[in-house]
Amino acid sequence: MNPPTLPGSTQSAEPPDETVRPSGSAGGVPPRIVNHRANGRDTNVILGRRRRFGAEPVFRWLTTGSGLAVLLIIVAIGFFLVAKAIPALRANDANFFTYADWFPDDTENPRFGIRAVALGTVLTSFIALLVAVPIALGIALCLSHYAPKRVASTFGFVIDLLAAVPSIVFGLWGRDYFIDPVKSLSAWLHTYFGWIPLFGSDGPYGKSILLGSLVLAIMILPIVTSLSREVFRQTPTMNEEAALALGATKWEMIRTAVLPYGRPGILASVMLGLGRALGETIALAMTLGANYLVTFDIVGNSGNSIAANIANRFGEAGDLGRGALIASGLVLFAITLVVNVSARIIIYRRREFREAAV
Amino acid sequence: MTALPVTLRARRLPGFAPWAIAAGAVAVAYAAVYIGGLMGGGGFLALVAAVLLYLVGLGVIATRVEGSRAARNRIATSLIYSVVALALWPLVSVVWTLVQKGTSRLDADFFGHSNAGITAFDANGGAYHAIIGTLEQVGIATLITVPLGILAAVYIVEYGRGRLATAIRFFVDVMTGIPSIVAGLFVLAFWVYVVYPLYSPDGKPGYSGFAASLALSVLMLPTITRSCEEMLRLVPTALREGSYALGIAKWKTIVRIVLPTALPGIVTGVMLAVARAAGETAPVLLVAGGFDSINTDPFIGNQSSLSIYIYQQAGLGSQFGPPRAWTAALTLVALVLSLTIVAKLLARRSKLK
């Protein structure tokens with residue numbers, strides 16, 4: 001009994017011939033080794049010799065230990081951050097959650113709080129998502145349903161390369177090049193839409209929430225694109241053809257067949273993009289104004305985020321200052337953990353999306 | 001009586017119509033915005049206005065001729081293509097800026113010397129020390145992560161049953177989303193403050209390249225485990241069962257049959273993870289410290305890396321710092337992109353699909 005595909009196996013392809021070859025190297029194994037079941041356990045018995053030192057249990061424990069290492073690392077991250085944050089939080093004279101400024105190394109009364117940086121983190125991520133998600137979904141639809149196959153695969157490759165560009169390069173590009181167009185855009189927005197509080201600042205323009213958010217949007221674009229592209233691709237062809245057969249135009253087919261089917265996947269990809277945006281550090285450290293104003297004015301010279309604040313203030317921080325930064329990092333860890341866990345729960349509910357998630 | 005002309009097909013816009021509308025929209029937009037100075041004028045605004053005019057014009061004309069459903073379809077198609085064009089712009093711009101600004105210091109001096117004794121107001125200076133640092137840190141991180149990641153993936157796919165396996169799988173996924181700066185803070189609190197004093201010559205906390213490797217390992221582990229897991233799942237069950245039928249133990253089947261079959265895919269995953277890690281800045285900045293001279297010992301003392309070097313040089317307010325940063329950025333991108341491209345090409349040639 002040796003069917004090419006076993007019932008219950010998810011594989012449809014027959015194993016390629018070459019892949020069998022490695023077993024040839026195992027051909028040196030004497031046929032005396034018998035793998036049989038005793039007491040419901042797999043055991044290796046070597047006929048004619050005493051039972052060898054069990055490689056199987058050792059290997060099994062090795063792999064289990066490596067798996068457990070993942071859980072251990074996550075627990076250890078939480079533990080060490082809490083351990084380092086507590087002394088700083090004890091010494092803090094201000095309320096950690098409602099105070100906006102950052103003077104942890106003040107010898108008289110150290111005070112620091114995450115109000116401004118937490119608001120900045122949420123604001124930059126939100127604007128970045130607002131810009132990136134529609135564009136990313138457009139690109140994903142183009143790659144899965146519009147562009148010819150060759151073009152789509154090449155372009156998908158290019159998008160993946162965009163994901164590989166290090167964030168410091170985006171930061172440098174944003175600070176040295178992209179800042180000029182954004183300055184003009186800010187001035188234009190203020191001139192024509194200055195009555196909206198978001199565009200209230202009348203300059204001089206420079207590093208701003210707008211600049212940081214736009215750079216961030218470019219950076220999360222590939223993540224949202226690649227996941228939602230996979231989700232759109234998995235739409236059952238039957239559904240699509242049924243819609244077309246009923247006379248739907250291509251766009252109606254996408255609206256009635258593709259988008260509803262992919263909704264959980266889109267949500268998950270947005271959440272993953274949000275997780276990435278919340279944690280992005282160095283690009284924001286180079287493009288945000290890095291002060292502690294609590295403001296919704298996105299064109300003015302301000303803006304900060306938890307991660308960018310850590311990168312910017314770390315060099316000058318004393319012992320208490322580092323504890324304060326670690327405390328803010330703990331908040332960031334908690335936020336991203338919640339966001340990521342919810343994204344993964346959405347993905348896990350729909351089994352077919354699991355394979356697509358990066 | 002002559003038969004009435006019967007057409008089953010709805011009326012459609014002729015093929016040239018969208019192009020004509022586009023040309024009209026561009027002409028009107030440029031005349032009004034670029035030349036007329038409407039709303040401040042400018043080339044970019046004119047472009048945006050042209051796209052908007054085109055969409056509106058197409059919508060109106062197509063609704064007249066083809067009906068509203070077909071018009072909506074046309075607008076959606078045009079929107080999707082213009083969005084793609086919009087997304088190409090940053091990529092092109094980043095590459096263009098990199099090449100333009102990065103080539104100014106692309107000389108032997110840059111790759112042959114460290115930055116020792118070079119202040120913000122000195123020309124020359126190089127990134128040799130930073131390149132060594134990057135290679136060492138990423139190399140050690142790879143050595144730590146690859147066995148751990150592959151074994152964890154083997155556990156998830158081959159041995160794991162029940163709740164524990166599901167939990168590990170789930171948290172591997174969650175771990176991919178841990179911000180890199182948090183990994184840096186963790187290693188700061190753990191290695192720099194707690195472990196480093198145990199072995200350092202003066203017994204004080206300090207930075208080291210190895211701490212950076214640890215931080216990178218935390219970031220690489222989930223990526224490698226994840227991709228390796230996927231590859232192991234692609235190995236046909238028939239191969240495993242054939243091996244069992246020959247009386248080969250499970251661990252030997254995994255080591256000799258399953259892993260070699262999945263090897264190309266695993267290598268791809270590892271290379272992608274290495275590429276990501278090589279570009280990380282934030283965690284390395286927190287725990288390696290940065291240094292201007294060559295330090296080849298990863299365990300003791302500050303070390304630099306390409307990304308730290310970029311960050312430090314970019315922060316210098318002089319005419320010499322930023323060019324060094326851009327050239328280092330070009331080097332880093334070349335390194336990362338070539339790794340990525342090779343990995344992707346390898347993946348395409350892999351037989352497991």
# chains A, B, ... in the order shown; residues from 1 in each chain; ligands from 1
$ closest_atom_pairs --of "segment 25-89 of chain B" --to "segment 147-169 of chain A" --cutoff "12 Å" --atoms "only C-alpha atoms" --output "tab-separated table"
residue	atom	partner	partner_atom	distance
B:Thr77	CA	A:Ala147	CA	10.4
B:Ile80	CA	A:Ala147	CA	10.1
B:Tyr81	CA	A:Ala147	CA	8.9
B:Val84	CA	A:Phe155	CA	9.5
B:Ala85	CA	A:Phe155	CA	11.0
B:Ala87	CA	A:Ile159	CA	9.1
B:Leu88	CA	A:Ile159	CA	8.7
B:Trp89	CA	A:Leu162	CA	11.4
$ write_last_selection --atoms "C-alpha atoms" --output "PDB file, in the first residue's frame"
ATOM      1  CA  THR B  77     -10.357  50.282 -12.098  1.00  0.00           C
ATOM      2  CA  ILE B  80      -6.826  51.066  -8.325  1.00  0.00           C
ATOM      3  CA  TYR B  81      -4.256  51.703 -11.035  1.00  0.00           C
ATOM      4  CA  VAL B  84      -0.469  51.580  -7.593  1.00  0.00           C
ATOM      5  CA  ALA B  85       1.319  54.353  -9.449  1.00  0.00           C
ATOM      6  CA  ALA B  87       2.779  53.639  -4.242  1.00  0.00           C
ATOM      7  CA  LEU B  88       5.641  53.216  -6.702  1.00  0.00           C
ATOM      8  CA  TRP B  89       6.751  56.782  -6.140  1.00  0.00           C
TER       9      TRP B  89
END
$ closest_residue --among "B:Thr237, B:Thr223, B:Leu330, B:Ser293" --to "Phe170 of chain A" --atoms "only C-alpha atoms"
B:Leu330
$ atom_distance --atom1 "atom CA of Thr225 of chain A" --atom2 "atom CA of Gly102 of chain B"
28.9 Å
$ closest_residue --among "B:Val154, B:Ala325, B:Val274, B:Ala116" --to "Cys228 of chain B" --atoms "only C-alpha atoms"
B:Val154
$ closest_residue --among "A:Val215, A:Leu72, A:Val339, A:Ala307" --to "Ala327 of chain A" --atoms "only C-alpha atoms"
A:Ala307
$ atom_distance --atom1 "atom CA of Ala29 of chain B" --atom2 "atom CA of Val133 of chain A"
27.6 Å
$ select_by_dssp --residues "segment 154-198 of chain B" --states "alpha helix (DSSP H)" --output "PyMOL selection string"
chain B and resi 154+162-175+180-187+196-198
$ write_last_selection --atoms "N, CA and C atoms" --output "PDB file, in the first residue's frame"
ATOM      1  N   VAL B 154      10.387  22.075  14.488  1.00  0.00           N
ATOM      2  CA  VAL B 154      10.243  20.617  14.487  1.00  0.00           C
ATOM      3  C   VAL B 154       9.280  20.197  15.586  1.00  0.00           C
ATOM      4  N   GLY B 162      -1.694  18.894  21.369  1.00  0.00           N
ATOM      5  CA  GLY B 162      -2.492  19.465  22.446  1.00  0.00           C
ATOM      6  C   GLY B 162      -2.241  20.944  22.706  1.00  0.00           C
ATOM      7  N   ARG B 163      -2.581  21.336  23.932  1.00  0.00           N
ATOM      8  CA  ARG B 163      -2.596  22.754  24.275  1.00  0.00           C
ATOM      9  C   ARG B 163      -1.234  23.416  24.169  1.00  0.00           C
ATOM     10  N   LEU B 164      -0.203  22.722  24.669  1.00  0.00           N
ATOM     11  CA  LEU B 164       1.124  23.335  24.709  1.00  0.00           C
ATOM     12  C   LEU B 164       1.571  23.718  23.298  1.00  0.00           C
ATOM     13  N   ALA B 165       1.383  22.795  22.356  1.00  0.00           N
ATOM     14  CA  ALA B 165       1.811  23.069  20.981  1.00  0.00           C
ATOM     15  C   ALA B 165       1.048  24.260  20.410  1.00  0.00           C
ATOM     16  N   THR B 166      -0.273  24.294  20.659  1.00  0.00           N
ATOM     17  CA  THR B 166      -1.071  25.420  20.162  1.00  0.00           C
ATOM     18  C   THR B 166      -0.583  26.722  20.787  1.00  0.00           C
ATOM     19  N   ALA B 167      -0.315  26.678  22.087  1.00  0.00           N
ATOM     20  CA  ALA B 167       0.142  27.892  22.775  1.00  0.00           C
ATOM     21  C   ALA B 167       1.469  28.354  22.189  1.00  0.00           C
ATOM     22  N   ILE B 168       2.390  27.421  21.981  1.00  0.00           N
ATOM     23  CA  ILE B 168       3.697  27.815  21.451  1.00  0.00           C
ATOM     24  C   ILE B 168       3.542  28.407  20.063  1.00  0.00           C
ATOM     25  N   ARG B 169       2.736  27.741  19.239  1.00  0.00           N
ATOM     26  CA  ARG B 169       2.489  28.243  17.895  1.00  0.00           C
ATOM     27  C   ARG B 169       1.925  29.659  17.920  1.00  0.00           C
ATOM     28  N   PHE B 170       0.955  29.838  18.796  1.00  0.00           N
ATOM     29  CA  PHE B 170       0.303  31.137  18.891  1.00  0.00           C
ATOM     30  C   PHE B 170       1.298  32.206  19.327  1.00  0.00           C
ATOM     31  N   PHE B 171       2.120  31.874  20.326  1.00  0.00           N
ATOM     32  CA  PHE B 171       3.020  32.906  20.831  1.00  0.00           C
ATOM     33  C   PHE B 171       4.202  33.158  19.907  1.00  0.00           C
ATOM     34  N   VAL B 172       4.552  32.176  19.083  1.00  0.00           N
ATOM     35  CA  VAL B 172       5.545  32.464  18.043  1.00  0.00           C
ATOM     36  C   VAL B 172       4.995  33.557  17.126  1.00  0.00           C
ATOM     37  N   ASP B 173       3.712  33.406  16.759  1.00  0.00           N
ATOM     38  CA  ASP B 173       3.086  34.412  15.905  1.00  0.00           C
ATOM     39  C   ASP B 173       3.033  35.769  16.595  1.00  0.00           C
ATOM     40  N   VAL B 174       2.649  35.749  17.872  1.00  0.00           N
ATOM     41  CA  VAL B 174       2.554  37.011  18.605  1.00  0.00           C
ATOM     42  C   VAL B 174       3.933  37.656  18.724  1.00  0.00           C
ATOM     43  N   MET B 175       4.944  36.810  18.890  1.00  0.00           N
ATOM     44  CA  MET B 175       6.296  37.325  19.090  1.00  0.00           C
ATOM     45  C   MET B 175       6.817  38.058  17.854  1.00  0.00           C
ATOM     46  N   SER B 180      10.890  46.149  17.959  1.00  0.00           N
ATOM     47  CA  SER B 180      12.317  45.895  18.112  1.00  0.00           C
ATOM     48  C   SER B 180      12.893  46.654  19.301  1.00  0.00           C
ATOM     49  N   ILE B 181      12.326  47.821  19.592  1.00  0.00           N
ATOM     50  CA  ILE B 181      12.872  48.595  20.712  1.00  0.00           C
ATOM     51  C   ILE B 181      12.618  47.877  22.037  1.00  0.00           C
ATOM     52  N   VAL B 182      11.515  47.146  22.123  1.00  0.00           N
ATOM     53  CA  VAL B 182      11.224  46.402  23.344  1.00  0.00           C
ATOM     54  C   VAL B 182      12.234  45.265  23.516  1.00  0.00           C
ATOM     55  N   ALA B 183      12.588  44.612  22.406  1.00  0.00           N
ATOM     56  CA  ALA B 183      13.624  43.583  22.480  1.00  0.00           C
ATOM     57  C   ALA B 183      14.926  44.203  22.980  1.00  0.00           C
ATOM     58  N   GLY B 184      15.220  45.411  22.498  1.00  0.00           N
ATOM     59  CA  GLY B 184      16.430  46.097  22.951  1.00  0.00           C
ATOM     60  C   GLY B 184      16.382  46.403  24.438  1.00  0.00           C
ATOM     61  N   LEU B 185      15.240  46.886  24.915  1.00  0.00           N
ATOM     62  CA  LEU B 185      15.104  47.204  26.343  1.00  0.00           C
ATOM     63  C   LEU B 185      15.242  45.941  27.191  1.00  0.00           C
ATOM     64  N   PHE B 186      14.681  44.836  26.694  1.00  0.00           N
ATOM     65  CA  PHE B 186      14.775  43.569  27.420  1.00  0.00           C
ATOM     66  C   PHE B 186      16.233  43.156  27.584  1.00  0.00           C
ATOM     67  N   VAL B 187      16.991  43.204  26.498  1.00  0.00           N
ATOM     68  CA  VAL B 187      18.393  42.797  26.587  1.00  0.00           C
ATOM     69  C   VAL B 187      19.174  43.793  27.443  1.00  0.00           C
ATOM     70  N   TYR B 196      26.256  40.937  32.114  1.00  0.00           N
ATOM     71  CA  TYR B 196      27.557  41.496  31.723  1.00  0.00           C
ATOM     72  C   TYR B 196      28.461  41.764  32.920  1.00  0.00           C
ATOM     73  N   PRO B 197      27.949  42.336  34.018  1.00  0.00           N
ATOM     74  CA  PRO B 197      28.836  42.585  35.176  1.00  0.00           C
ATOM     75  C   PRO B 197      29.439  41.301  35.740  1.00  0.00           C
ATOM     76  N   LEU B 198      28.790  40.162  35.504  1.00  0.00           N
ATOM     77  CA  LEU B 198      29.306  38.906  36.061  1.00  0.00           C
ATOM     78  C   LEU B 198      30.629  38.509  35.419  1.00  0.00           C
TER      79      LEU B 198
END
$ closest_residue --among "A:Arg90, A:Lys84, A:His145, A:His190" --to "chain B" --atoms "only C-alpha atoms"
A:Lys84
$ residues_around --residues "Ile114 of chain A" --least-positions-apart "6" --cutoff "10 Å" --atoms "only C-alpha atoms" --output "VMD selection string"
chain A and resid 95 to 102 120 292 305 to 306 309 324 to 325 327 to 328 331
$ residues_around --residues "segment 45-56 of chain B" --least-positions-apart "6" --cutoff "8 Å" --atoms "only C-alpha atoms" --output "ChimeraX atom specification"
/B:21-22,24-30,33-34,75,78-79
$ write_last_selection --atoms "C-alpha atoms" --output "PDB file, in the first residue's frame"
ATOM      1  CA  ILE B  21     -10.778  62.226 -21.212  1.00  0.00           C
ATOM      2  CA  ALA B  22      -7.352  61.859 -19.610  1.00  0.00           C
ATOM      3  CA  GLY B  24      -8.630  66.754 -21.496  1.00  0.00           C
ATOM      4  CA  ALA B  25      -8.319  66.462 -17.732  1.00  0.00           C
ATOM      5  CA  VAL B  26      -4.568  67.045 -17.833  1.00  0.00           C
ATOM      6  CA  ALA B  27      -4.968  70.048 -20.098  1.00  0.00           C
ATOM      7  CA  VAL B  28      -7.676  71.663 -17.961  1.00  0.00           C
ATOM      8  CA  ALA B  29      -5.921  70.913 -14.676  1.00  0.00           C
ATOM      9  CA  TYR B  30      -2.594  72.312 -15.839  1.00  0.00           C
ATOM     10  CA  VAL B  33      -3.742  75.090 -11.480  1.00  0.00           C
ATOM     11  CA  TYR B  34      -0.256  75.274 -12.934  1.00  0.00           C
ATOM     12  CA  ILE B  75     -13.814  54.475 -11.805  1.00  0.00           C
ATOM     13  CA  SER B  78      -8.793  53.703 -12.666  1.00  0.00           C
ATOM     14  CA  LEU B  79      -8.582  54.355  -8.922  1.00  0.00           C
TER      15      LEU B  79
END
$ closest_residue --among "B:Val157, B:Val336, B:Leu219, B:Ile140" --to "chain A" --atoms "only C-alpha atoms"
B:Val336
$ closest_residue --among "B:Thr142, B:Thr103, B:Gln303, B:Ser68" --to "chain A" --atoms "only C-alpha atoms"
B:Ser68
$ atom_distance --atom1 "atom CA of Thr124 of chain A" --atom2 "atom CA of Met219 of chain A"
12.4 Å
